[in-house]
Each structure stands twice: as C-alpha cells, then as structure tokens.
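Source file structure29.txt; content: compact mmCIF, C-alpha atoms and all ligand atoms.
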```txt
# COMPACT_ATOMS: atom_id res chain seq x y z
CA MET A 1 52.75 0.04 231.83
CA LYS A 2 49.35 -0.30 230.14
CA GLU A 3 46.35 1.57 231.57
CA TYR A 4 43.25 -0.30 232.67
CA PRO A 5 40.33 0.21 230.30
CA PHE A 6 37.80 2.51 232.03
CA ILE A 7 34.19 1.30 232.24
CA PRO A 8 31.00 3.15 233.26
CA TYR A 9 30.21 3.04 236.98
CA LYS A 10 26.66 3.40 238.30
CA PRO A 11 26.23 2.67 242.00
CA THR A 12 22.77 1.45 243.05
CA ALA A 13 21.25 4.93 243.51
CA CYS A 14 17.69 5.32 244.76
CA ASP A 15 15.56 8.17 246.06
CA ASP A 16 16.56 10.15 249.17
CA ALA A 17 13.95 8.58 251.45
CA THR A 18 14.99 5.03 250.51
CA MET A 19 18.66 5.91 250.99
CA LEU A 20 17.93 7.26 254.45
CA GLU A 21 15.93 4.17 255.31
CA LYS A 22 18.70 1.87 254.07
CA SER A 23 21.41 3.77 255.95
CA GLN A 24 19.30 3.62 259.15
CA ALA A 25 18.69 -0.10 258.70
CA TYR A 26 22.41 -0.73 258.11
CA PHE A 27 23.34 1.25 261.21
CA GLU A 28 20.82 -0.71 263.29
CA LEU A 29 22.20 -3.98 261.94
CA MET A 30 25.83 -3.06 262.66
CA ASP A 31 24.92 -1.64 266.07
CA GLN A 32 23.91 -5.19 267.04
CA ARG A 33 27.41 -6.55 266.32
CA ARG A 34 29.43 -7.52 269.35
CA SER A 35 32.73 -9.24 269.99
CA VAL A 36 31.88 -12.71 271.25
CA ARG A 37 34.16 -14.91 273.36
CA HIS A 38 31.80 -17.84 273.96
CA PHE A 39 31.16 -19.90 270.83
CA SER A 40 29.07 -22.97 270.02
CA ASP A 41 30.89 -25.77 268.17
CA ARG A 42 28.06 -25.90 265.57
CA GLU A 43 29.54 -26.19 262.07
CA ILE A 44 29.21 -23.52 259.40
CA SER A 45 29.39 -24.24 255.68
CA ASP A 46 32.34 -23.61 253.39
CA GLU A 47 30.06 -21.66 251.04
CA LEU A 48 29.14 -19.22 253.81
CA ILE A 49 32.77 -18.62 254.73
CA ASP A 50 33.73 -18.26 251.04
CA ASN A 51 31.08 -15.55 250.51
CA ILE A 52 32.31 -13.74 253.62
CA ILE A 53 35.89 -13.84 252.38
CA MET A 54 34.88 -12.71 248.89
CA THR A 55 33.20 -9.71 250.55
CA ALA A 56 36.41 -8.91 252.46
CA GLY A 57 38.25 -9.19 249.15
CA THR A 58 36.16 -6.33 247.71
CA ALA A 59 37.93 -3.84 250.00
CA PRO A 60 39.89 -1.01 248.40
CA SER A 61 43.68 -1.35 248.59
CA GLY A 62 46.79 0.65 247.75
CA ALA A 63 47.28 0.53 243.94
CA ASN A 64 44.74 -2.32 243.94
CA LYS A 65 47.43 -4.74 245.15
CA GLN A 66 44.94 -6.58 247.42
CA PRO A 67 47.75 -7.43 249.84
CA TRP A 68 45.91 -10.04 251.90
CA THR A 69 45.53 -13.77 252.45
CA PHE A 70 42.68 -15.27 254.47
CA CYS A 71 43.50 -18.68 256.00
CA VAL A 72 40.41 -20.68 256.96
CA VAL A 73 41.29 -23.09 259.76
CA ARG A 74 38.89 -25.93 260.62
CA ASP A 75 41.39 -28.74 261.36
CA PRO A 76 41.15 -29.50 265.12
CA LEU A 77 44.86 -30.32 265.30
CA ILE A 78 45.86 -26.96 263.80
CA LYS A 79 43.34 -25.16 266.02
CA SER A 80 44.81 -26.81 269.11
CA LYS A 81 48.33 -25.82 268.03
CA ILE A 82 47.14 -22.23 267.56
CA ARG A 83 45.46 -22.26 270.97
CA GLU A 84 48.55 -23.65 272.69
CA ALA A 85 50.87 -21.07 271.08
CA ALA A 86 48.45 -18.17 271.62
CA GLU A 87 47.92 -19.05 275.30
CA LYS A 88 51.67 -19.29 275.85
CA GLU A 89 52.11 -15.72 274.57
CA GLU A 90 48.98 -14.42 276.28
CA TYR A 91 50.07 -15.94 279.60
CA GLU A 92 53.32 -13.98 279.35
CA SER A 93 51.47 -10.84 278.28
CA TYR A 94 48.96 -10.93 281.14
CA HIS A 95 51.59 -11.87 283.75
CA THR A 96 54.69 -9.92 282.72
CA ARG A 97 54.27 -7.78 279.58
CA MET A 98 51.12 -5.69 279.97
CA PRO A 99 51.56 -2.62 282.18
CA PRO A 100 49.11 -2.19 285.11
CA GLU A 101 47.16 0.51 283.26
CA TRP A 102 46.45 -1.87 280.36
CA LEU A 103 45.34 -4.64 282.73
CA GLU A 104 43.06 -2.15 284.51
CA ASP A 105 41.49 -1.17 281.18
CA LEU A 106 40.85 -4.83 280.34
CA ALA A 107 39.58 -5.87 283.78
CA PRO A 108 35.94 -4.73 283.16
CA LEU A 109 35.86 -6.88 280.01
CA GLY A 110 36.82 -10.02 281.94
CA THR A 111 39.47 -11.22 279.47
CA ASP A 112 42.40 -13.37 280.56
CA TRP A 113 45.19 -15.48 279.03
CA GLN A 114 42.98 -18.50 278.43
CA LYS A 115 41.53 -18.77 274.91
CA PRO A 116 39.26 -21.88 274.71
CA PHE A 117 37.33 -20.28 271.83
CA LEU A 118 40.33 -21.01 269.58
CA GLU A 119 39.37 -24.70 269.74
CA ILE A 120 35.61 -24.40 270.17
CA ALA A 121 34.71 -22.03 267.30
CA PRO A 122 34.27 -24.13 264.11
CA VAL A 123 36.35 -21.76 262.00
CA ILE A 124 39.28 -19.48 262.66
CA ILE A 125 40.07 -17.03 259.89
CA VAL A 126 43.68 -15.88 260.13
CA VAL A 127 44.28 -12.75 258.08
CA PHE A 128 47.78 -12.20 256.73
CA ARG A 129 49.15 -8.95 255.30
CA LYS A 130 51.53 -9.10 252.38
CA SER A 131 54.27 -6.49 252.59
CA HIS A 132 55.35 -7.36 249.05
CA GLU A 133 54.78 -9.90 246.27
CA LEU A 134 57.46 -12.14 244.82
CA VAL A 135 57.33 -11.98 241.01
CA ASN A 136 60.06 -14.09 239.37
CA ASP A 137 62.05 -13.89 242.63
CA GLN A 138 61.81 -10.06 242.47
CA LYS A 139 60.31 -8.17 245.42
CA LYS A 140 57.35 -6.01 244.29
CA LYS A 141 56.32 -3.65 247.04
CA ASN A 142 52.72 -3.26 248.20
CA TYR A 143 51.37 0.10 249.42
CA TYR A 144 49.39 1.18 252.49
CA VAL A 145 49.31 -2.44 253.58
CA GLN A 146 48.10 -1.78 257.14
CA GLU A 147 45.30 0.48 255.95
CA SER A 148 44.25 -1.88 253.15
CA VAL A 149 44.19 -5.00 255.30
CA GLY A 150 42.50 -3.11 258.15
CA ILE A 151 39.69 -2.07 255.80
CA ALA A 152 39.39 -5.64 254.46
CA CYS A 153 39.06 -6.88 258.05
CA GLY A 154 36.26 -4.35 258.61
CA PHE A 155 34.46 -5.69 255.56
CA LEU A 156 35.07 -9.23 256.85
CA LEU A 157 33.57 -8.51 260.27
CA SER A 158 30.52 -6.80 258.81
CA ALA A 159 29.95 -9.69 256.36
CA ILE A 160 30.19 -12.21 259.23
CA HIS A 161 27.66 -10.22 261.25
CA GLN A 162 25.35 -9.67 258.29
CA ALA A 163 25.27 -13.45 257.72
CA GLY A 164 24.08 -13.89 261.32
CA LEU A 165 27.31 -15.25 262.77
CA ALA A 166 29.47 -14.07 265.65
CA SER A 167 33.16 -13.21 265.60
CA LEU A 168 36.00 -11.96 267.73
CA THR A 169 38.97 -9.83 266.72
CA HIS A 170 41.79 -11.57 268.52
CA THR A 171 45.37 -10.33 268.46
CA PRO A 172 47.66 -12.58 270.49
CA SER A 173 50.91 -10.73 270.80
CA PRO A 174 53.40 -11.44 269.37
CA MET A 175 51.70 -13.66 266.79
CA ASN A 176 54.53 -14.75 264.48
CA PHE A 177 53.73 -18.33 265.52
CA LEU A 178 50.80 -18.20 263.05
CA GLN A 179 53.22 -17.84 260.15
CA GLU A 180 54.98 -21.02 261.24
CA ILE A 181 51.92 -23.11 262.12
CA LEU A 182 50.18 -22.19 258.85
CA HIS A 183 53.39 -22.42 256.78
CA ARG A 184 52.94 -18.97 255.25
CA PRO A 185 55.75 -17.56 253.08
CA GLU A 186 58.17 -14.90 254.23
CA ASN A 187 56.23 -12.01 252.60
CA GLU A 188 53.11 -12.73 254.69
CA LYS A 189 52.78 -11.55 258.27
CA PRO A 190 49.86 -12.33 260.58
CA PHE A 191 47.51 -9.36 260.99
CA LEU A 192 44.38 -10.56 262.80
CA LEU A 193 42.90 -13.81 264.06
CA VAL A 194 39.10 -14.04 263.78
CA PRO A 195 37.21 -16.97 265.35
CA VAL A 196 33.83 -17.32 263.59
CA GLY A 197 30.75 -19.29 264.56
CA TYR A 198 27.42 -19.25 266.35
CA PRO A 199 27.49 -17.83 269.85
CA ALA A 200 27.14 -20.42 272.64
CA GLU A 201 23.56 -20.80 273.99
CA ASP A 202 24.61 -19.09 277.20
CA ALA A 203 26.94 -16.51 275.60
CA THR A 204 27.05 -13.14 277.30
CA VAL A 205 28.75 -9.89 276.34
CA PRO A 206 29.69 -6.95 278.54
CA ASP A 207 27.06 -4.19 278.59
CA ILE A 208 29.26 -1.55 276.97
CA GLN A 209 28.02 1.64 275.31
CA ARG A 210 29.04 3.18 272.00
CA LYS A 211 30.20 6.77 272.03
CA HIS A 212 27.45 9.22 271.08
CA LEU A 213 27.53 10.78 267.59
CA ASP A 214 28.43 14.14 269.12
CA GLN A 215 31.55 12.56 270.62
CA ILE A 216 32.84 11.14 267.37
CA ARG A 217 31.65 13.58 264.68
CA ILE A 218 32.84 17.16 264.21
CA LYS A 219 31.18 19.32 261.57
CA TYR A 220 33.05 22.01 259.60
N1 LIG B 1 45.28 -9.77 273.25
C1 LIG B 1 44.82 -9.98 274.61
C2 LIG B 1 44.56 -8.73 275.37
C3 LIG B 1 43.50 -7.84 274.87
C4 LIG B 1 43.84 -6.58 274.48
C5 LIG B 1 42.89 -5.68 274.10
I1 LIG B 1 43.46 -3.80 273.64
C6 LIG B 1 41.53 -6.05 274.08
O1 LIG B 1 40.56 -5.15 273.69
C7 LIG B 1 41.16 -7.31 274.48
C8 LIG B 1 42.16 -8.22 274.87
C9 LIG B 1 43.60 -10.90 274.62
O2 LIG B 1 43.09 -11.24 273.56
O3 LIG B 1 43.16 -11.28 275.70
```

How does this structure look as structure tokens?
Amino acid sequence: MKEYPFIPYKPTACDDATMLEKSQAYFELMDQRRSVRHFSDREISDELIDNIIMTAGTAPSGANKQPWTFCVVRDPLIKSKIREAAEKEEYESYHTRMPPEWLEDLAPLGTDWQKPFLEIAPVIIVVFRKSHELVNDQKKKNYYVQESVGIACGFLLSAIHQAGLASLTHTPSPMNFLQEILHRPENEKPFLLVPVGYPAEDATVPDIQRKHLDQIRIKY
C-alpha cells in the first residue's frame, strides 16, 4: 500500500495572550449551547447545513476512514414517519423499558415520549455510523467507529451552535427504524438524530449547571 505524501503543517499559531483570549471566547461561546426541545418552523438554508456538515466531516477518524453519513431530512412526510416511529419506541421506553431510577433522573428535565420537535424543526440530521465499507462486494472494516462518529457529532453540534442555531441530541431507542425509513444500506447503522433550527420564541431550557473545573479536571 502506497504512503500518503507528507506536507508541511502549520496551525494558526499566535501569541500567548491572543491564544488565551481566543480559548476564553470559545469557552464562553460553547458554554451558551443548550439542548433545545422547542423549535420554530423557520427554514434554514441548504448552504448553512452543508457548511455545518463539512465541519463535522473534518473530525479525526480511525485510519482516516471517515465512517459516517449525515442524512439531511426536510421532507415533511419523512419527518412525520420518523416522528411516528420514534414516538412508538419512546412510548414503550417511558412506559415499560426504562427502570424507575432512569425515569427519576429524567423527571427534572421534563422529557416524555412525545416528540413534536421531529416535525416542527425544519431539518433533522440523522447521523449514521459505517461499521465497514463495501468495496467490490468485499467488506473493508472501519476502526474505532463509535469514537470517530462521536467526535464528528461533537464537531457537528459545535458548528450548529457557532452558526447561531439550536439543536438537540435525540436517541430514540431502539432506532433501527431510521435505517428503513431512510433506506440506508446494511453497513450503516443509526447513531444520533439531531433536530436543527431556530428555537421557538417561547423556548425554555432547564436551569442546569455545568460541573466545576475542579470536578472534571485532575492535574498530575
Ligand atoms: N431517549 C429518550 C429518553 C432520554 C434519555 C436521556 I439519558 C436523556 O438525557 C434525555 C432523554 C428521550 O429522548 O426522551
């Protein structure tokens, strides 16, 4: 197998004070991001979504396999099918599958089995992970797929927020129905469903707190 040619790499370095300023500004921007469950139906452009997805596609991945597909759903009929299937699973989850402890943990957040945002948000991005590629009918394995796609989703969420839009990480469970509704091939499995849009005028979010730095960082 041929090696890639190696090219010089110079990240956008600047002086220490500017770096500190930029890192502070980025933290403050990301600290504003919240999961939103109440969306406006206001449209967002294809170009905006394409830039966001290109940003997600810059994520590192095992052996640079980029084992992801981002489905952009705007079609109201497909959105209503997704809502119907998701609510069916979520109804079962909330009523019979989630143990009491899980329901107790969710109660302060006010979630339930109903997911109107799946029809209201103008765009749903459904992220698929590719366990392998099919090259001439041969299975070619991908590596660290969960990690790679998880990182890409992080990039996706930060790009959505940076553009000034709201999103939700939604994981109806199980979510195989997405593979069927979106006609994805056998090597693609649904990973995350992300409604994207403007928050509704009267959108609210729970007043949660982030853990303090001392609770999440250990120095050696
Ligand atoms: N998937 C369900 C339940 C849910 C689970 C967790 I963990 C959350 O942080 C939020 C919701 C739902 O979307 O309602």

- Within 7 Å of ligand LIG 1 (chain B), counting only C-alpha atoms and all ligand atoms, residues as a VMD selection string: chain A and resid 90 106 111 to 113 170 to 173

- Query: Which of these residues is nearest to Ala152 in chain A, using only C-alpha atoms: A:Ala63, A:Cys14, A:Leu192, A:Ala166?
  - Reply: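 Closest to Ala152 in chain A of all the choices is A:Leu192.
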
- Answer as a list in words, residues within 12 Å of (45.3, -29.0, 260.7) using all atoms listed in the file: Cys71, Val72, Val73, Arg74, Asp75, Pro76, Leu77, Ile78, Lys79, Ser80, Lys81, Ile82, Glu119, Val123, Ile124, Ile181, Leu182 and His183 of chain A

- Task: Would you please work out which residue, of A:Phe155, A:Trp68, A:Phe117, A:Phe128, is nearest to Asp41 in chain A when using only C-alpha atoms?
- Result: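 Using only C-alpha atoms, the shortest distance to Asp41 in chain A belongs to A:Phe117.
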
- Query: Excluding same-chain residues fewer than 5 positions from range 158-161 of chain A, what lies within 7 Å of it counting all atoms listed in the file, as an MDAnalysis selection string?
  - Reply: chainID A and resid 33 52 55 166

Just to be explicit: take each residue in the selection above, keep C-alpha atoms, and write the result as an mmCIF file, keeping the file's coordinate frame.
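See part_12.cif below for the written result:
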```cif
data_model
loop_
_atom_site.group_PDB
_atom_site.id
_atom_site.type_symbol
_atom_site.label_atom_id
_atom_site.label_comp_id
_atom_site.auth_asym_id
_atom_site.auth_seq_id
_atom_site.Cartn_x
_atom_site.Cartn_y
_atom_site.Cartn_z
ATOM 1 C CA ARG A 33 27.410 -6.550 266.320
ATOM 2 C CA ILE A 52 32.310 -13.740 253.620
ATOM 3 C CA THR A 55 33.200 -9.710 250.550
ATOM 4 C CA ALA A 166 29.470 -14.070 265.650
#
```

- For the atom pair CA of Asp207 in chain A and CA of Ile151 in chain A, what is the interatomic distance in Å to one decimal place?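 Calculated distance between CA of Asp207 in chain A and CA of Ile151 in chain A is 26.1 Å.
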
Pull out range 181-216 of chain A, keep N, CA and C atoms, and write it as a short mmCIF file (atom, residue, chain, number, x, y, z; two decimals), in the first residue's frame.
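Ended up saving to selection11.cif:
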```cif
data_model
loop_
_atom_site.label_atom_id
_atom_site.label_comp_id
_atom_site.auth_asym_id
_atom_site.auth_seq_id
_atom_site.Cartn_x
_atom_site.Cartn_y
_atom_site.Cartn_z
N ILE A 181 -36.54 3.76 7.19
CA ILE A 181 -37.23 4.94 6.63
C ILE A 181 -36.32 5.68 5.64
N LEU A 182 -35.03 5.73 5.95
CA LEU A 182 -34.10 6.50 5.09
C LEU A 182 -33.40 5.61 4.04
N HIS A 183 -33.81 4.33 4.01
CA HIS A 183 -33.27 3.39 3.01
C HIS A 183 -31.74 3.35 3.03
N ARG A 184 -31.15 3.28 4.20
CA ARG A 184 -29.69 3.21 4.27
C ARG A 184 -29.23 1.76 4.11
N PRO A 185 -28.05 1.57 3.50
CA PRO A 185 -27.57 0.20 3.27
C PRO A 185 -27.20 -0.51 4.57
N GLU A 186 -26.97 -1.79 4.44
CA GLU A 186 -26.76 -2.68 5.59
C GLU A 186 -25.54 -2.30 6.44
N ASN A 187 -24.52 -1.66 5.83
CA ASN A 187 -23.31 -1.30 6.59
C ASN A 187 -23.47 0.00 7.38
N GLU A 188 -24.64 0.65 7.29
CA GLU A 188 -24.85 1.89 8.03
C GLU A 188 -25.88 1.69 9.14
N LYS A 189 -25.49 2.09 10.35
CA LYS A 189 -26.42 1.98 11.48
C LYS A 189 -26.65 3.37 12.07
N PRO A 190 -27.91 3.66 12.47
CA PRO A 190 -28.18 4.99 13.02
C PRO A 190 -27.40 5.21 14.32
N PHE A 191 -26.85 6.42 14.46
CA PHE A 191 -26.02 6.75 15.62
C PHE A 191 -26.65 7.85 16.46
N LEU A 192 -27.15 8.89 15.80
CA LEU A 192 -27.70 10.03 16.53
C LEU A 192 -28.66 10.78 15.61
N LEU A 193 -29.71 11.30 16.22
CA LEU A 193 -30.70 12.08 15.46
C LEU A 193 -30.63 13.51 16.02
N VAL A 194 -30.41 14.49 15.12
CA VAL A 194 -30.18 15.86 15.59
C VAL A 194 -31.15 16.84 14.90
N PRO A 195 -32.26 17.18 15.55
CA PRO A 195 -33.10 18.25 15.01
C PRO A 195 -32.33 19.57 15.08
N VAL A 196 -32.43 20.37 14.01
CA VAL A 196 -31.70 21.65 13.94
C VAL A 196 -32.67 22.74 13.52
N GLY A 197 -32.55 23.90 14.14
CA GLY A 197 -33.38 25.03 13.73
C GLY A 197 -33.22 26.20 14.67
N TYR A 198 -34.11 27.18 14.52
CA TYR A 198 -34.14 28.29 15.48
C TYR A 198 -34.98 27.83 16.66
N PRO A 199 -34.64 28.27 17.86
CA PRO A 199 -35.53 27.94 18.98
C PRO A 199 -36.87 28.65 18.80
N ALA A 200 -37.93 28.07 19.33
CA ALA A 200 -39.25 28.74 19.32
C ALA A 200 -39.12 30.04 20.11
N GLU A 201 -39.98 31.03 19.79
CA GLU A 201 -39.97 32.33 20.51
C GLU A 201 -40.02 32.12 22.02
N ASP A 202 -40.87 31.16 22.43
CA ASP A 202 -41.08 30.97 23.87
C ASP A 202 -40.30 29.75 24.40
N ALA A 203 -39.22 29.39 23.70
CA ALA A 203 -38.45 28.21 24.13
C ALA A 203 -37.84 28.45 25.51
N THR A 204 -37.88 27.41 26.32
CA THR A 204 -37.21 27.47 27.62
C THR A 204 -36.30 26.25 27.74
N VAL A 205 -35.31 26.36 28.61
CA VAL A 205 -34.44 25.21 28.89
C VAL A 205 -34.32 25.09 30.41
N PRO A 206 -34.11 23.87 30.89
CA PRO A 206 -33.96 23.73 32.34
C PRO A 206 -32.70 24.45 32.84
N ASP A 207 -32.78 25.01 34.03
CA ASP A 207 -31.67 25.80 34.58
C ASP A 207 -30.65 24.86 35.22
N ILE A 208 -29.95 24.11 34.37
CA ILE A 208 -28.95 23.16 34.88
C ILE A 208 -27.60 23.86 35.02
N GLN A 209 -26.72 23.25 35.79
CA GLN A 209 -25.37 23.80 35.97
C GLN A 209 -24.34 22.84 35.41
N ARG A 210 -23.25 23.38 34.89
CA ARG A 210 -22.13 22.53 34.47
C ARG A 210 -21.31 22.19 35.70
N LYS A 211 -20.67 21.04 35.67
CA LYS A 211 -19.73 20.73 36.75
C LYS A 211 -18.61 21.76 36.75
N HIS A 212 -18.07 22.05 37.94
CA HIS A 212 -16.96 22.99 38.06
C HIS A 212 -15.69 22.33 37.55
N LEU A 213 -14.75 23.15 37.08
CA LEU A 213 -13.47 22.64 36.56
C LEU A 213 -12.82 21.65 37.53
N ASP A 214 -12.87 21.99 38.82
CA ASP A 214 -12.22 21.12 39.82
C ASP A 214 -12.88 19.74 39.89
N GLN A 215 -14.10 19.64 39.40
CA GLN A 215 -14.80 18.35 39.44
C GLN A 215 -14.51 17.50 38.21
N ILE A 216 -13.96 18.11 37.18
CA ILE A 216 -13.75 17.35 35.95
C ILE A 216 -12.30 17.27 35.52
#
```
